[in-house]
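J.: Shown below is the structure under consideration.
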Amino acid sequence: VQKAVLCCSSDTLWDFAAAELQTRESRSADEEAPEEEANVSERTVLFMGSKSGGKTTILLRCLDRDEAPKPTLALEYTFGRRARGHNTPKDIAHLWELGGGISLSDLVQIPITHQNISTVSVVLVLDLSKPSTLWGTLEKLLQAALNHLEKVCALPQRSGASKQRELLRILPKDHPDRELISPFPVPLLLIGSKYDIFQDFESEKRKVICKTLRFLAHYYGASLIFTSSKSETTMSKARSFVSHLAFGTERGKSLSADPSKPLIIPAGMDSLSQIGESIDVDIGTLHARNPLDLWKKVFERVFPPESTKENKEVKDPAKDPQYCEPLIDSMRAQKDQVPHYSFTLVHSFWLSPHLCFKGHTCTSVI
């Protein structure tokens with residue numbers, strides 16, 4: 001027991017989990033798979049986004065699971081299977097969900113590995129009912145994923161050839177915006193959730209949000225769709241986009257850019273000329289380094305971001321009220337008091353000569 005405790009003090013549970021996952025994947029790569037299993041397709045999809053933004057609800061709907069969603073504990077895993085035909089092996093989709101909004105963004109390193117880099121994709125769910133958090137959530141999570149992707153690929157900066165391949169995957173050669181966008185290294189889907197609340201916003205505010213998300217999706221080479229858990233029609237369309245990433249099925253050809261309706265814009269089907277300007281502001285008063293920074297400043301002028309105090313990240317999930325467990329928290333509080341209590345006993349032993357006879361007993365209790 002003492003040896004196990006010493007190991008846990010230097011390595012976290014996630015370190016052990018990541019090491020075990022890499023060991024299993026390397027072992028399976030060395031073993032020759034049966035002919036039937038060799039035809040099985042495996043893909044990985046990482047869901048992340050706004051805290052309490054509806055990620056679990058969307059994931060359960062995509063898996064046709066009729067169960068009530070529960071708060072995601074840090075990083076959760078599930079999987080889906082789909083047969084391509086009669087008496088054929090089922091393709092497998094490894095589905096990871098990152099909880100906690102932006103507070104646990106470092107955990108993206110678990111589902112994105114060297115082994116699955118060519119088959120991984122990202123679904124970013126943004127809560128449309130909280131526009132003041134939209135840009136910050138997207139920026140923080142995409143940057144965390146991008147940093148890890150570049151680390152996995154061992155590329156400090158994407159080469160020109162790599163960017164050209166990404167462009168070809170998204171835009172045709174004659175697209176006018178080919179030199180103006182920066183595609184995300186892996187397939188990306190942006191989902192605007194809680195459309196049922198968003199549709200009651202003022203018309204001008206809806207237009208700003210729609211244009212901004214269209215620009216961001218186009219800039220990163222992503223698909224964009226708005227959905228609501230209360231609308232089976234929008235959930236069905238979102239499910240087809242997720243299925244395309246998870247199993248390679250047909251994405252769907254629906255297109256809707258009307259801000260008065262749920263947006264549906266597949267990657268590569270938009271353009272800067274169609275998106276237009278965000279809002280009528282004096283751009284001369286905004287100091288921006290590039291188009292992305294300009295759109296951010298314009299958006300935040302309409303929807304000021306939450307203050308640092310309100311948007312404070314929870315570094316220790318054990319102290320996050322979202323994961324409150326009274327019984328476990330009480331036991332943890334008792335455990336946290338043990339080191340201080342032990343120190344007091346040992347300290348007294350050394351400072352009080354008359355405790356020498358009781359010293360052995362104290363050490364055994366500790």
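Chain lettering (A, B, ...) mirrors the order of the structure tokens, residue numbering begins at 1 for each chain separately, and ligand numbering begins at 1 in order of display.
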Per residue of stretch 180-296 of chain A within 8 Å of stretch 99-121 of chain A, what are the shortest atom pair and its distance in Å to one decimal, counting only C-alpha atoms, with rows by chain and residue number, as JSON lines?
T.:
```
{"residue": "A:Val186", "atom": "CA", "partner": "A:Ser121", "partner_atom": "CA", "distance": 5.5}
{"residue": "A:Pro187", "atom": "CA", "partner": "A:Ser121", "partner_atom": "CA", "distance": 4.9}
{"residue": "A:Leu188", "atom": "CA", "partner": "A:Ser121", "partner_atom": "CA", "distance": 6.0}
{"residue": "A:Leu245", "atom": "CA", "partner": "A:Ser121", "partner_atom": "CA", "distance": 6.6}
```
J.: For the selection just defined, write its residues with N, CA and C atoms to a file, as a PDB file, in the first residue's frame.
T.:
```pdb
ATOM      1  N   VAL A 186      -7.489  19.472 -38.380  1.00  0.00           N
ATOM      2  CA  VAL A 186      -8.356  18.291 -38.492  1.00  0.00           C
ATOM      3  C   VAL A 186      -9.780  18.763 -38.744  1.00  0.00           C
ATOM      4  N   PRO A 187     -10.655  17.888 -39.256  1.00  0.00           N
ATOM      5  CA  PRO A 187     -12.046  18.303 -39.503  1.00  0.00           C
ATOM      6  C   PRO A 187     -12.695  18.894 -38.258  1.00  0.00           C
ATOM      7  N   LEU A 188     -13.408  19.995 -38.449  1.00  0.00           N
ATOM      8  CA  LEU A 188     -13.993  20.742 -37.336  1.00  0.00           C
ATOM      9  C   LEU A 188     -15.458  21.051 -37.629  1.00  0.00           C
ATOM     10  N   LEU A 245     -18.531  12.744 -39.430  1.00  0.00           N
ATOM     11  CA  LEU A 245     -17.214  12.740 -38.794  1.00  0.00           C
ATOM     12  C   LEU A 245     -16.903  11.395 -38.156  1.00  0.00           C
TER      13      LEU A 245
END
```
J.: So that I can check the surroundings of A:Tyr77, please list as a PyMOL selection string every protein, DNA and RNA residue that reaches within 12 Å of it, counting only C-alpha atoms and ignoring chain neighbours fewer than 2 positions away.
T.: chain A and resi 44-47+56+59+72-75+79-80+93-99+110-111
J.: So, with only C-alpha atoms as the atoms that count, which of A:Ile265, A:Leu138, A:Cys210, A:Ala288 lies closest to A:Ile225?
T.: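 Answer, going by the shortest atom-to-atom distance: A:Ile265.
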J.: What residues in stretch 212-257 of chain A get the DSSP label alpha helix (DSSP H)? Please answer as a ChimeraX atom specification.
T.: /A:212-219,232-247
J.: Mind pulling up the distance from atom CA of A:Leu216 to atom CA of A:Arg289?
T.: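 The value is 16.1 Å.
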